[in-house]
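Visitor: Next comes protein26.pdb, PDB, C-alpha atoms:
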```pdb
ATOM      1  CA  MET A 775     -10.096 -18.107   0.693  1.00  0.00           C
ATOM      2  CA  ASN A 776      -7.158 -19.406   2.695  1.00  0.00           C
ATOM      3  CA  GLU A 777      -5.532 -20.075  -0.667  1.00  0.00           C
ATOM      4  CA  ILE A 778      -4.149 -16.551  -0.406  1.00  0.00           C
ATOM      5  CA  HIS A 779      -1.314 -17.656   1.823  1.00  0.00           C
ATOM      6  CA  LYS A 780      -0.455 -20.766  -0.200  1.00  0.00           C
ATOM      7  CA  GLY A 781       0.178 -18.970  -3.486  1.00  0.00           C
ATOM      8  CA  SER A 782       3.495 -17.385  -4.185  1.00  0.00           C
ATOM      9  CA  ILE A 783       4.659 -14.824  -6.635  1.00  0.00           C
ATOM     10  CA  GLU A 784       8.043 -15.173  -8.249  1.00  0.00           C
ATOM     11  CA  PHE A 785      10.213 -12.076  -8.543  1.00  0.00           C
ATOM     12  CA  ASP A 786      12.388 -11.752 -11.640  1.00  0.00           C
ATOM     13  CA  GLU A 787      14.746  -9.308  -9.963  1.00  0.00           C
ATOM     14  CA  GLU A 788      16.814  -9.476  -6.822  1.00  0.00           C
ATOM     15  CA  PRO A 789      15.594  -7.267  -3.974  1.00  0.00           C
ATOM     16  CA  LEU A 790      17.335  -3.956  -3.509  1.00  0.00           C
ATOM     17  CA  PRO A 791      20.390  -4.105  -1.265  1.00  0.00           C
ATOM     18  CA  ALA A 792      19.621  -3.235   2.324  1.00  0.00           C
ATOM     19  CA  GLU A 793      21.153   0.220   2.302  1.00  0.00           C
ATOM     20  CA  ALA A 794      20.639   2.494   5.254  1.00  0.00           C
ATOM     21  CA  VAL A 795      18.107   4.976   3.992  1.00  0.00           C
ATOM     22  CA  THR A 796      16.990   7.357   6.696  1.00  0.00           C
ATOM     23  CA  ASP A 797      13.468   8.569   7.301  1.00  0.00           C
ATOM     24  CA  ARG A 798      14.678  12.066   6.496  1.00  0.00           C
ATOM     25  CA  GLU A 799      15.982  10.938   3.097  1.00  0.00           C
ATOM     26  CA  LEU A 800      12.647   9.253   2.418  1.00  0.00           C
ATOM     27  CA  LEU A 801      10.789  12.424   3.397  1.00  0.00           C
ATOM     28  CA  ARG A 802      13.009  14.435   1.050  1.00  0.00           C
ATOM     29  CA  SER A 803      12.388  11.881  -1.711  1.00  0.00           C
ATOM     30  CA  ALA A 804       8.611  12.033  -1.159  1.00  0.00           C
ATOM     31  CA  LEU A 805       8.745  15.811  -1.486  1.00  0.00           C
ATOM     32  CA  GLU A 806      11.285  16.216  -4.275  1.00  0.00           C
ATOM     33  CA  THR A 807      11.192  13.041  -6.353  1.00  0.00           C
ATOM     34  CA  TYR A 808       7.531  12.098  -6.010  1.00  0.00           C
ATOM     35  CA  LYS A 809       6.159  15.649  -5.654  1.00  0.00           C
ATOM     36  CA  ILE A 810       4.071  14.911  -2.564  1.00  0.00           C
ATOM     37  CA  THR A 811       3.252  18.302  -1.043  1.00  0.00           C
ATOM     38  CA  TYR A 812       3.586  19.251   2.605  1.00  0.00           C
ATOM     39  CA  ASP A 813      -0.159  19.859   2.606  1.00  0.00           C
ATOM     40  CA  ALA A 814      -0.824  16.297   1.417  1.00  0.00           C
ATOM     41  CA  LEU A 815       1.660  14.843   3.923  1.00  0.00           C
ATOM     42  CA  GLU A 816       0.056  16.827   6.726  1.00  0.00           C
ATOM     43  CA  ARG A 817      -3.403  15.511   5.841  1.00  0.00           C
ATOM     44  CA  LEU A 818      -2.156  11.950   5.390  1.00  0.00           C
ATOM     45  CA  THR A 819      -0.050  11.745   8.545  1.00  0.00           C
ATOM     46  CA  GLY A 820      -1.545  14.303  10.911  1.00  0.00           C
ATOM     47  CA  ILE A 821       1.970  15.692  11.383  1.00  0.00           C
ATOM     48  CA  GLY A 822       2.030  19.473  10.863  1.00  0.00           C
ATOM     49  CA  ARG A 823       4.075  21.156   8.165  1.00  0.00           C
ATOM     50  CA  ALA A 824       6.294  22.950  10.681  1.00  0.00           C
ATOM     51  CA  ASP A 825       7.123  19.627  12.344  1.00  0.00           C
ATOM     52  CA  LEU A 826       7.827  17.975   8.984  1.00  0.00           C
ATOM     53  CA  GLU A 827      10.091  20.838   7.926  1.00  0.00           C
ATOM     54  CA  ALA A 828      11.927  20.773  11.257  1.00  0.00           C
ATOM     55  CA  TYR A 829      12.318  16.999  11.003  1.00  0.00           C
ATOM     56  CA  LEU A 830      13.711  17.268   7.477  1.00  0.00           C
ATOM     57  CA  GLU A 831      16.229  19.884   8.641  1.00  0.00           C
ATOM     58  CA  GLY A 832      17.301  17.670  11.571  1.00  0.00           C
ATOM     59  CA  VAL A 833      16.027  20.124  14.185  1.00  0.00           C
ATOM     60  CA  THR A 834      13.750  17.510  15.768  1.00  0.00           C
ATOM     61  CA  ASP A 835      13.226  13.767  15.832  1.00  0.00           C
ATOM     62  CA  LEU A 836       9.489  14.335  16.382  1.00  0.00           C
ATOM     63  CA  GLU A 837       9.859  12.928  19.890  1.00  0.00           C
ATOM     64  CA  HIS A 838       7.233  15.386  21.097  1.00  0.00           C
ATOM     65  CA  LEU A 839       4.584  13.595  19.040  1.00  0.00           C
ATOM     66  CA  ASP A 840       2.618  10.578  20.173  1.00  0.00           C
ATOM     67  CA  ALA A 841       4.733   7.488  19.401  1.00  0.00           C
ATOM     68  CA  GLU A 842       1.952   5.837  17.384  1.00  0.00           C
ATOM     69  CA  GLN A 843       1.385   8.944  15.268  1.00  0.00           C
ATOM     70  CA  ARG A 844       5.130   9.337  14.704  1.00  0.00           C
ATOM     71  CA  PHE A 845       5.580   5.668  13.765  1.00  0.00           C
ATOM     72  CA  SER A 846       2.575   5.469  11.424  1.00  0.00           C
ATOM     73  CA  GLY A 847       3.296   8.885   9.872  1.00  0.00           C
ATOM     74  CA  LEU A 848       6.931   8.105   9.155  1.00  0.00           C
ATOM     75  CA  GLY A 849       5.949   4.660   7.893  1.00  0.00           C
ATOM     76  CA  LEU A 850       3.576   6.177   5.355  1.00  0.00           C
ATOM     77  CA  ILE A 851       6.173   8.765   4.377  1.00  0.00           C
ATOM     78  CA  ALA A 852       8.680   5.930   3.853  1.00  0.00           C
ATOM     79  CA  PHE A 853       6.361   4.236   1.354  1.00  0.00           C
ATOM     80  CA  LEU A 854       5.737   7.514  -0.437  1.00  0.00           C
ATOM     81  CA  GLY A 855       9.461   8.310  -0.422  1.00  0.00           C
ATOM     82  CA  MET A 856      10.372   4.963  -1.972  1.00  0.00           C
ATOM     83  CA  GLY A 857       7.705   5.306  -4.623  1.00  0.00           C
ATOM     84  CA  ILE A 858       4.988   2.704  -4.600  1.00  0.00           C
ATOM     85  CA  ASN A 859       5.810   1.632  -8.153  1.00  0.00           C
ATOM     86  CA  THR A 860       8.885  -0.321  -7.121  1.00  0.00           C
ATOM     87  CA  PRO A 861       9.770  -3.498  -9.070  1.00  0.00           C
ATOM     88  CA  GLN A 862      10.362  -5.302  -5.778  1.00  0.00           C
ATOM     89  CA  ILE A 863       6.620  -5.330  -5.061  1.00  0.00           C
ATOM     90  CA  LEU A 864       4.593  -6.445  -8.041  1.00  0.00           C
ATOM     91  CA  PRO A 865       1.066  -5.115  -8.570  1.00  0.00           C
ATOM     92  CA  GLU A 866      -0.249  -8.657  -8.113  1.00  0.00           C
ATOM     93  CA  ALA A 867       1.340  -8.805  -4.656  1.00  0.00           C
ATOM     94  CA  ARG A 868      -0.357  -5.546  -3.728  1.00  0.00           C
ATOM     95  CA  VAL A 869      -3.750  -6.863  -4.831  1.00  0.00           C
ATOM     96  CA  LEU A 870      -3.101 -10.078  -2.881  1.00  0.00           C
ATOM     97  CA  ALA A 871      -2.353  -8.015   0.224  1.00  0.00           C
ATOM     98  CA  LEU A 872      -5.559  -6.001  -0.198  1.00  0.00           C
ATOM     99  CA  ILE A 873      -7.600  -9.168  -0.688  1.00  0.00           C
ATOM    100  CA  GLY A 874      -5.937 -10.640   2.395  1.00  0.00           C
ATOM    101  CA  ASN A 875      -7.029  -7.594   4.367  1.00  0.00           C
ATOM    102  CA  LEU A 876     -10.591  -7.906   3.070  1.00  0.00           C
ATOM    103  CA  GLU A 877     -10.573 -11.558   4.088  1.00  0.00           C
ATOM    104  CA  GLU A 878      -9.079 -11.063   7.552  1.00  0.00           C
ATOM    105  CA  GLU A 879     -10.836  -7.855   8.579  1.00  0.00           C
ATOM    106  CA  TYR A 880     -14.232  -8.270   6.937  1.00  0.00           C
ATOM    107  CA  GLY A 881     -14.656 -11.952   6.099  1.00  0.00           C
ATOM    108  CA  PHE A 882     -14.813 -11.422   2.335  1.00  0.00           C
ATOM    109  CA  THR A 883     -14.668 -14.643   0.324  1.00  0.00           C
ATOM    110  CA  ALA A 884     -13.307 -15.396  -3.124  1.00  0.00           C
ATOM    111  CA  GLU A 885     -16.897 -15.767  -4.313  1.00  0.00           C
ATOM    112  CA  MET A 886     -17.944 -12.363  -2.979  1.00  0.00           C
ATOM    113  CA  ILE A 887     -14.896 -10.666  -4.509  1.00  0.00           C
ATOM    114  CA  ALA A 888     -15.578 -12.456  -7.800  1.00  0.00           C
ATOM    115  CA  LEU A 889     -19.168 -11.230  -7.825  1.00  0.00           C
ATOM    116  CA  GLN A 890     -18.065  -7.673  -7.056  1.00  0.00           C
ATOM    117  CA  SER A 891     -15.425  -7.926  -9.813  1.00  0.00           C
ATOM    118  CA  GLY A 892     -17.659  -9.438 -12.472  1.00  0.00           C
ATOM    119  CA  LEU A 893     -15.453 -12.532 -12.593  1.00  0.00           C
ATOM    120  CA  GLU A 894     -15.919 -16.220 -12.017  1.00  0.00           C
ATOM    121  CA  THR A 895     -15.006 -17.487  -8.555  1.00  0.00           C
ATOM    122  CA  SER A 896     -12.488 -19.810 -10.214  1.00  0.00           C
ATOM    123  CA  ASP A 897     -10.683 -16.752 -11.676  1.00  0.00           C
ATOM    124  CA  VAL A 898     -10.236 -15.235  -8.218  1.00  0.00           C
ATOM    125  CA  GLU A 899      -9.210 -18.574  -6.701  1.00  0.00           C
ATOM    126  CA  ARG A 900      -6.667 -19.072  -9.488  1.00  0.00           C
ATOM    127  CA  PHE A 901      -5.256 -15.575  -8.847  1.00  0.00           C
ATOM    128  CA  LEU A 902      -5.069 -16.226  -5.097  1.00  0.00           C
ATOM    129  CA  ALA A 903      -3.216 -19.479  -5.742  1.00  0.00           C
ATOM    130  CA  GLY A 904      -0.579 -17.590  -7.761  1.00  0.00           C
ATOM    131  CA  ARG A 905      -1.631 -19.147 -11.057  1.00  0.00           C
ATOM    132  CA  LYS A 906      -1.946 -17.371 -14.380  1.00  0.00           C
ATOM    133  CA  VAL A 907      -4.999 -15.151 -14.895  1.00  0.00           C
ATOM    134  CA  ALA A 908      -5.616 -13.123 -18.048  1.00  0.00           C
ATOM    135  CA  ALA A 909      -4.559  -9.467 -17.872  1.00  0.00           C
ATOM    136  CA  GLU A 910      -8.121  -8.199 -18.388  1.00  0.00           C
ATOM    137  CA  LYS A 911      -9.328 -10.292 -15.443  1.00  0.00           C
ATOM    138  CA  ARG A 912      -6.429  -9.134 -13.240  1.00  0.00           C
ATOM    139  CA  PHE A 913      -7.325  -5.551 -14.115  1.00  0.00           C
ATOM    140  CA  LYS A 914     -11.005  -6.056 -13.241  1.00  0.00           C
ATOM    141  CA  LEU A 915     -10.028  -7.754  -9.984  1.00  0.00           C
ATOM    142  CA  GLY A 916      -7.548  -5.026  -9.051  1.00  0.00           C
ATOM    143  CA  VAL A 917     -10.004  -2.215  -9.750  1.00  0.00           C
ATOM    144  CA  ALA A 918     -12.786  -3.933  -7.799  1.00  0.00           C
ATOM    145  CA  VAL A 919     -10.552  -4.657  -4.797  1.00  0.00           C
ATOM    146  CA  LEU A 920      -9.245  -1.083  -4.718  1.00  0.00           C
ATOM    147  CA  PHE A 921     -12.773   0.280  -4.927  1.00  0.00           C
ATOM    148  CA  LEU A 922     -13.952  -2.043  -2.132  1.00  0.00           C
ATOM    149  CA  HIS A 923     -11.117  -0.734   0.032  1.00  0.00           C
ATOM    150  CA  PHE A 924     -12.079   2.822  -0.843  1.00  0.00           C
ATOM    151  CA  LEU A 925     -15.714   2.211   0.084  1.00  0.00           C
ATOM    152  CA  ILE A 926     -14.809   0.554   3.369  1.00  0.00           C
ATOM    153  CA  HIS A 927     -12.348   3.215   4.453  1.00  0.00           C
ATOM    154  CA  LYS A 928     -14.512   6.081   3.230  1.00  0.00           C
ATOM    155  CA  GLY A 929     -17.352   4.625   5.276  1.00  0.00           C
ATOM    156  CA  LYS A 930     -15.182   4.692   8.399  1.00  0.00           C
ATOM    157  CA  GLU A 931     -14.687   8.493   8.215  1.00  0.00           C
TER     158      GLU A 931
END
```
Would you encode the structure as structure tokens?
Guide:
Amino acid sequence: MNEIHKGSIEFDEEPLPAEAVTDRELLRSALETYKITYDALERLTGIGRADLEAYLEGVTDLEHLDAEQRFSGLGLIAFLGMGINTPQILPEARVLALIGNLEEEYGFTAEMIALQSGLETSDVERFLAGRKVAAEKRFKLGVAVLFLHFLIHKGKE
């Protein structure tokens, strides 16, 4: 399944300009634009509502939190604040990243993912190589890969 790294996906659009968007602006965007609640952010990041509110208001830089928690929490908030449906990251690239994680972390093969998806191994290999795969097959692959991730991470709780 090393084909994953050989395939490339072409982007029709230029990437967004590298504008300085602050973590606070991304937090505000997550809350206001994408309607992520403080409760959800607290559960996702482990950062309390009072800390998130204080951070948004500029009262704190969250320096009192563990550096790893602060970094991972703000990283997740950044993704949520940008909106995960950005044209700069195609759905196919997201599925490729998830498959790459399944390969690296758990040793999943194209054949195993194909069997779990109800596809032929050649369909998965073609997708991994960045070649054209019918929309219905991409959908089945995407759903199966997302569900595998869900099962794995739910099992870790």
Visitor: From the options A:Glu899, A:Glu879, A:Ile858, A:Ile887, which residue's atoms come nearest to Phe921 of chain A, counting only C-alpha atoms?
Guide: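 Nearest to Phe921 of chain A: A:Ile887.
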Visitor: Please, which residues in segment 817-885 of chain A fall within 10 Å of segment 922-931 of chain A when counting all atoms listed in the file, and what is the closest atom pair and distance in Å to one decimal for each, ordered by chain then residue number, as CSV?
Guide:
```
residue,atom,partner,partner_atom,distance
A:Leu872,CA,A:His923,CA,7.7
A:Ile873,CA,A:His923,CA,9.2
A:Asn875,CA,A:His923,CA,9.1
A:Leu876,CA,A:His923,CA,7.8
A:Tyr880,CA,A:Ile926,CA,9.5
```
Visitor: To one decimal place in Å, what is the distance between atom CA of Gly820 of chain A and atom CA of Phe853 of chain A?
Guide: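 It comes out at 16.0 Å.
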Visitor: When you look at Ile810 of chain A with a cut-off of 12 Å (counting only C-alpha atoms), what residues show up, excluding the ones that are within fewer than 4 positions of it in the same chain? I need them as a list in words.
Guide: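 Residues meeting the cut-off are Leu800, Leu801, Arg802, Ser803, Ala804, Leu805, Glu806, Ala814, Leu815, Glu816, Arg817, Leu818, Leu850, Ile851, Ala852, Phe853, Leu854, Gly855, Met856 and Gly857 of chain A.
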Visitor: What is the atom CA of Tyr812 of chain A to atom CA of Leu848 of chain A distance in Å?
Guide: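 Pair atom CA of Tyr812 of chain A / atom CA of Leu848 of chain A returns 13.4 Å.
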Visitor: Nearest to Gly849 of chain A among A:Asp897, A:Asp797, A:Glu877, A:Glu910, with distances taken over all atoms listed in the file: which residue is it?
Guide: A:Asp797
Visitor: Mind checking which residues fall within 12 Å of Thr895 of chain A, counting all atoms listed in the file, ignoring those fewer than 4 positions away in the same chain, and posting them as a list in words?
Guide: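 Counting only the stated atoms, we get Met775, Thr883, Ala884, Glu885, Met886, Ile887, Ala888, Leu889, Gln890, Ser891, Glu899, Arg900, Phe901, Leu902, Lys911 and Leu915 of chain A.
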Visitor: With distances taken over all atoms listed in the file, which of A:Val898, A:Val907, A:Leu920, A:Ile821 is nearest to His838 of chain A?
Guide: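 Looking at the shortest contact to His838 of chain A, the residue is A:Ile821.
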Visitor: Of the candidates A:Val869, A:Tyr829, A:Thr819, A:Thr796, which shows the shortest atom-to-atom distance to Phe845 of chain A, using all atoms listed in the file?
Guide: A:Thr819
Visitor: Quote the spacing between atom CA of Glu894 of chain A and atom CA of Ala867 of chain A in Å to one decimal place.
Guide: 20.2 Å
Visitor: Pick from A:Val919, A:Tyr808, A:Ala909, A:Glu842: nearest to Asn859 of chain A, with all atoms listed in the file counted?
Guide: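 Distance minimum relative to Asn859 of chain A lands on A:Tyr808.
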